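Working notes for the structure below.
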Amino acid sequence: MTNKIKFIHTADIHLGRPLSYGGNPDEELLEIFTQADKKSLERLVNIAIREKVDFIVISGDLYDREARSVNSSRFFLELCQKLDKENIFVYIISGNHDPAGRKKEPFELPENVHFFSSEEVEIKEFKKNNQVKARILGQSYRQKFESRSMYNFFTPPDKSVFNLALLHTALKADSRRYVPVTKSELLSKEDIHYWALGHIHQYQEINKVNPVLAYSGTIQGRDINEDGIKGCLLLEVDQDMKIKKEFIKLAPIVFKNITIDISEKDELKNISHLKKQVFNQAEKILNDLVNSPKSEVVEGYIIRWLIQGRSEVNQYIKNDRKEIENSLLSDLRSVFAKQRPFLWSHSIVLRTADKLPELDNLKEKNQLFKELENLLADLLEDPELEEALLDEWGEIWQGDPEAEDRENDRFFASQDLKKEILAESEKIIISELIEGGD
Ligand SMILES: [Mn+2]
């Protein structure tokens, strides 16, 4: 047992960042939303104590803002004191949200806590019974943007003990704001056994072994783009440097995007039917949660609904889309927000359209539709036309709209996707023509 090292890897805790839930939940639910990030971190600390870990590493963005709130800092101080009593160390680098440059901790943290310098890579030795068992290497952001690639200086004296490196990076060669470095550059540092990464809020393993490169993700999603369950990594290293990983769920609240396609549901004839459909889905989601081990951690969901497809119901929707969205939303909230586990609806989008008559049939009968089909085919085959089309569409970005490094998220449509968009446009044009009457 003594030869093993056990630690928790976490990052992007963003203490003090409120949840983006939409609407006006009642006081009780609001309290759950407001406390979610603290609860999640408290759970992490309790697990650290229960599992008797040696230390916790935090790979940047512990706080959401450079100007740390006294409230968040005080909360963190109390947790550190609790860990200190259990002899658990805490190693922290600053990220782009809480750079080391200007503002320092308002409270004096106990001695078990170490913040890495922003001026150079520091190597901290972790000792057990006076023997060095691990080295923790790290460097903090100096400012909001960090163009130093840092990794070059992550050079431990040897690999006889477990070398663990903390880095807050987008892991992109051309990211001048978030430590430009690539996966292969990190892999080239042969003496590092584990790269504990921060910055990307979704848990992911970039390299599974020798060395491990992993993002732990955030511990509590803050908006609908951070969907899915969040948590931290619990790691155990044996004397042969073999690493055992376990993802530990922590977040009390989970964001979810639910899409309901009503194209094939011919039984939906009116808004009441549609409402029943959505309510059934909401009930099922809560039932599934109650019957799953997740319910030990998850207290409820915040959901964005997307209802799409061609349906008869669209005759009622098309002229009052916003109104119907709002009425469904308030019905959902009034029923499911009070339940425990709760289901809070963030928003609802109705992307429905009228049912179409058989297209092939139409094209045979109508010369105009036939020509339309030819034109759309030309758009994909004639390079000049295709370029004009792409110009017309403009630039599209993908990923998180709030992300700071948007340039890398420019979206290029594949040939298949272009075909799909054109096929859908064809349907829209034809349905407009039919409905417009000629
Ligand atoms: Mn972050």
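So you can find residues: chains in the structure tokens are A, B, ... in the order shown, residues in each start at 1, and ligands are numbered from 1 in order.
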
Around ligand 1, which protein and nucleic acid residues have at least one atom no more than 10 Å from it, if we count only C-alpha atoms and all ligand atoms? List them as a CSV table (one decimal) with N, CA and C atoms, in the first residue's frame.
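Below you can see selection_12.csv, which holds the result:
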```csv
chain,number,residue,atom,x,y,z
A,11,ALA,N,-9.8,20.0,-12.8
A,11,ALA,CA,-9.4,21.3,-13.5
A,11,ALA,C,-10.7,22.1,-13.8
A,12,ASP,N,-10.6,23.3,-14.1
A,12,ASP,CA,-11.7,24.1,-14.6
A,12,ASP,C,-12.9,24.1,-13.7
A,13,ILE,N,-12.6,24.3,-12.4
A,13,ILE,CA,-13.7,24.3,-11.4
A,13,ILE,C,-14.5,25.6,-11.5
A,14,HIS,N,-13.9,26.6,-12.0
A,14,HIS,CA,-14.6,27.9,-12.2
A,14,HIS,C,-15.4,28.3,-11.0
A,59,SER,N,-5.6,21.6,-12.5
A,59,SER,CA,-4.9,22.1,-13.7
A,59,SER,C,-5.5,23.4,-14.3
A,60,GLY,N,-5.6,24.4,-13.5
A,60,GLY,CA,-6.0,25.7,-13.9
A,60,GLY,C,-7.5,26.0,-13.9
A,61,ASP,N,-7.8,27.3,-13.8
A,61,ASP,CA,-9.2,27.8,-13.7
A,61,ASP,C,-9.9,27.3,-12.5
A,62,LEU,N,-9.3,27.3,-11.4
A,62,LEU,CA,-10.0,27.0,-10.1
A,62,LEU,C,-11.0,28.0,-9.9
A,63,TYR,N,-10.7,29.3,-10.1
A,63,TYR,CA,-11.7,30.4,-10.0
A,63,TYR,C,-12.1,30.8,-11.4
A,64,ASP,N,-13.3,31.4,-11.4
A,64,ASP,CA,-13.9,31.8,-12.7
A,64,ASP,C,-13.3,33.2,-13.1
A,95,GLY,N,-5.0,29.2,-14.6
A,95,GLY,CA,-5.3,29.1,-16.0
A,95,GLY,C,-5.6,30.5,-16.6
A,96,ASN,N,-6.3,30.5,-17.7
A,96,ASN,CA,-6.6,31.8,-18.3
A,96,ASN,C,-7.7,32.6,-17.6
A,97,HIS,N,-8.5,31.9,-16.7
A,97,HIS,CA,-9.5,32.6,-16.0
A,97,HIS,C,-9.0,33.1,-14.6
A,98,ASP,N,-8.0,32.5,-14.1
A,98,ASP,CA,-7.5,33.0,-12.8
A,98,ASP,C,-5.9,33.1,-12.9
A,168,HIS,N,-2.3,23.8,-18.6
A,168,HIS,CA,-3.6,24.4,-19.0
A,168,HIS,C,-3.4,24.8,-20.4
A,169,THR,N,-4.0,24.0,-21.3
A,169,THR,CA,-3.7,24.3,-22.8
A,169,THR,C,-4.9,23.8,-23.6
A,170,ALA,N,-5.0,24.5,-24.8
A,170,ALA,CA,-6.0,24.1,-25.8
A,170,ALA,C,-5.5,22.9,-26.6
A,198,GLY,N,-5.7,20.8,-18.3
A,198,GLY,CA,-6.9,21.6,-18.1
A,198,GLY,C,-7.2,22.5,-19.3
A,199,HIS,N,-8.4,23.1,-19.3
A,199,HIS,CA,-8.8,24.1,-20.3
A,199,HIS,C,-10.1,23.6,-21.0
A,200,ILE,N,-10.1,22.3,-21.4
A,200,ILE,CA,-11.2,21.8,-22.1
A,200,ILE,C,-12.2,21.2,-21.1
A,201,HIS,N,-13.4,21.6,-21.1
A,201,HIS,CA,-14.3,21.3,-20.0
A,201,HIS,C,-14.9,19.9,-20.0
A,217,GLY,N,-11.8,17.6,-17.4
A,217,GLY,CA,-13.1,18.3,-17.6
A,217,GLY,C,-13.5,19.1,-16.3
A,218,THR,N,-14.5,19.9,-16.5
A,218,THR,CA,-15.0,20.6,-15.3
A,218,THR,C,-15.8,19.7,-14.4
A,403,ALA,N,-16.7,30.0,-26.6
A,403,ALA,CA,-15.3,29.7,-26.6
A,403,ALA,C,-14.5,30.9,-27.0
```

Residues near region 140-146 of chain A, cut-off 7 Å, only C-alpha atoms, skip fewer than 2 positions along chain, as a list of chain:residue names: A:Ile93, A:Ser94, A:Gly95, A:Asn96, A:His97, A:Pro99, A:Ala100, A:Gly101, A:Phe116, A:Ser117, A:Ser118, A:Gly138, A:Arg148, A:Arg176, A:Arg177, A:Tyr178, A:Val179

For the interface of region 272-326 of chain A with region 229-241 of chain A (cut-off 12 Å, counting only C-alpha atoms), please tabulate each contacting residue of region 272-326 of chain A alongside its nearest pair of atoms and their separation in Å to one decimal, rows sorted by chain and increasing number, as JSON lines.
```
{"residue": "A:Lys294", "atom": "CA", "partner": "A:Ile229", "partner_atom": "CA", "distance": 9.1}
{"residue": "A:Ser295", "atom": "CA", "partner": "A:Ile229", "partner_atom": "CA", "distance": 11.5}
{"residue": "A:Val297", "atom": "CA", "partner": "A:Ile229", "partner_atom": "CA", "distance": 9.6}
{"residue": "A:Val298", "atom": "CA", "partner": "A:Ile229", "partner_atom": "CA", "distance": 8.4}
{"residue": "A:Glu299", "atom": "CA", "partner": "A:Ile229", "partner_atom": "CA", "distance": 11.5}
{"residue": "A:Gly300", "atom": "CA", "partner": "A:Ile229", "partner_atom": "CA", "distance": 11.1}
{"residue": "A:Tyr301", "atom": "CA", "partner": "A:Ile229", "partner_atom": "CA", "distance": 10.1}
{"residue": "A:Ile302", "atom": "CA", "partner": "A:Ile229", "partner_atom": "CA", "distance": 11.7}
```

Using only C-alpha atoms, please write the residues we just selected to a file, as an mmCIF file, in the first residue's frame.
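out34.cif, freshly written:
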```
data_model
loop_
_atom_site.group_PDB
_atom_site.id
_atom_site.type_symbol
_atom_site.label_atom_id
_atom_site.label_comp_id
_atom_site.auth_asym_id
_atom_site.auth_seq_id
_atom_site.Cartn_x
_atom_site.Cartn_y
_atom_site.Cartn_z
ATOM 1 C CA LYS A 294 -26.464 7.993 -11.397
ATOM 2 C CA SER A 295 -29.277 9.083 -9.078
ATOM 3 C CA VAL A 297 -25.077 11.896 -7.634
ATOM 4 C CA VAL A 298 -27.474 13.609 -10.032
ATOM 5 C CA GLU A 299 -30.257 15.673 -8.455
ATOM 6 C CA GLY A 300 -31.827 16.766 -11.704
ATOM 7 C CA TYR A 301 -31.498 17.879 -15.304
ATOM 8 C CA ILE A 302 -31.523 21.173 -17.142
#
```

How would you write, as JSON, numbers by chain, the set of residues in region 64-247 of chain A that DSSP gives as strand (DSSP E)? {"A": [89, 90, 91, 92, 93, 113, 114, 115, 122, 123, 124, 125, 126, 127, 128, 131, 132, 133, 134, 135, 136, 137, 138, 162, 163, 164, 165, 166, 167, 168, 194, 195, 196, 197, 198, 204, 205, 206, 207, 212, 213, 214, 215, 231, 232, 233, 234, 235, 236, 237, 243, 244, 245, 246, 247]}

Pick out each residue of region 153-390 of chain A that DSSP on the backbone tags as helix (DSSP H, G or I); I need them as a VMD selection string. chain A and resid 153 183 to 187 271 to 290 293 to 296 314 to 317 321 to 336 359 to 365 367 to 381 383 to 390

12 Å contact set for Lys183 (chain A), only C-alpha atoms, chain neighbours under 6 positions out, as a CSV table (one decimal) with N, CA and C atoms, in the first residue's frame:
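Once written, part24.csv looks like this:
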```
chain,number,residue,atom,x,y,z
A,151,TYR,N,6.1,23.7,-22.3
A,151,TYR,CA,6.4,22.2,-22.2
A,151,TYR,C,7.9,21.9,-22.2
A,169,THR,N,-4.0,24.0,-21.3
A,169,THR,CA,-3.7,24.3,-22.8
A,169,THR,C,-4.9,23.8,-23.6
A,170,ALA,N,-5.0,24.5,-24.8
A,170,ALA,CA,-6.0,24.1,-25.8
A,170,ALA,C,-5.5,22.9,-26.6
A,171,LEU,N,-4.2,22.6,-26.4
A,171,LEU,CA,-3.6,21.5,-27.2
A,171,LEU,C,-3.7,21.8,-28.7
A,172,LYS,N,-3.3,23.0,-29.1
A,172,LYS,CA,-3.3,23.3,-30.5
A,172,LYS,C,-2.1,24.1,-30.8
A,173,ALA,N,-1.4,23.7,-31.9
A,173,ALA,CA,-0.1,24.4,-32.2
A,173,ALA,C,-0.2,25.9,-32.4
A,189,LYS,N,8.2,14.4,-24.5
A,189,LYS,CA,8.9,14.5,-23.1
A,189,LYS,C,8.8,13.2,-22.4
A,195,TRP,N,0.3,13.6,-18.0
A,195,TRP,CA,0.0,15.0,-18.2
A,195,TRP,C,-1.4,15.3,-17.7
A,197,LEU,N,-4.1,17.6,-17.8
A,197,LEU,CA,-4.5,18.8,-18.6
A,197,LEU,C,-5.7,19.5,-18.1
A,205,GLU,N,-9.6,11.4,-22.7
A,205,GLU,CA,-8.2,10.9,-22.7
A,205,GLU,C,-7.6,11.1,-24.0
A,206,ILE,N,-6.6,11.9,-24.1
A,206,ILE,CA,-5.9,12.2,-25.4
A,206,ILE,C,-4.9,11.1,-25.7
A,207,ASN,N,-4.3,10.5,-24.7
A,207,ASN,CA,-3.4,9.4,-24.8
A,207,ASN,C,-3.6,8.5,-23.6
A,211,PRO,N,3.0,8.3,-22.2
A,211,PRO,CA,2.4,8.8,-20.9
A,211,PRO,C,0.9,8.9,-21.1
A,212,VAL,N,0.2,9.1,-20.0
A,212,VAL,CA,-1.2,9.4,-20.1
A,212,VAL,C,-1.4,10.9,-20.3
A,213,LEU,N,-2.2,11.3,-21.3
A,213,LEU,CA,-2.6,12.7,-21.5
A,213,LEU,C,-4.1,12.7,-21.3
A,214,ALA,N,-4.6,13.4,-20.2
A,214,ALA,CA,-6.0,13.5,-20.0
A,214,ALA,C,-6.5,14.8,-19.6
```

Do a neighbour search on Leu274 (chain A) at 12 Å with only C-alpha atoms, toss out local chain neighbours closer than 2 positions, and write the hits as a VMD selection string. chain A and resid 260 to 263 265 to 272 276 to 281 307 to 308 311 to 314 316 to 317 324 to 325 327 to 328 350 352
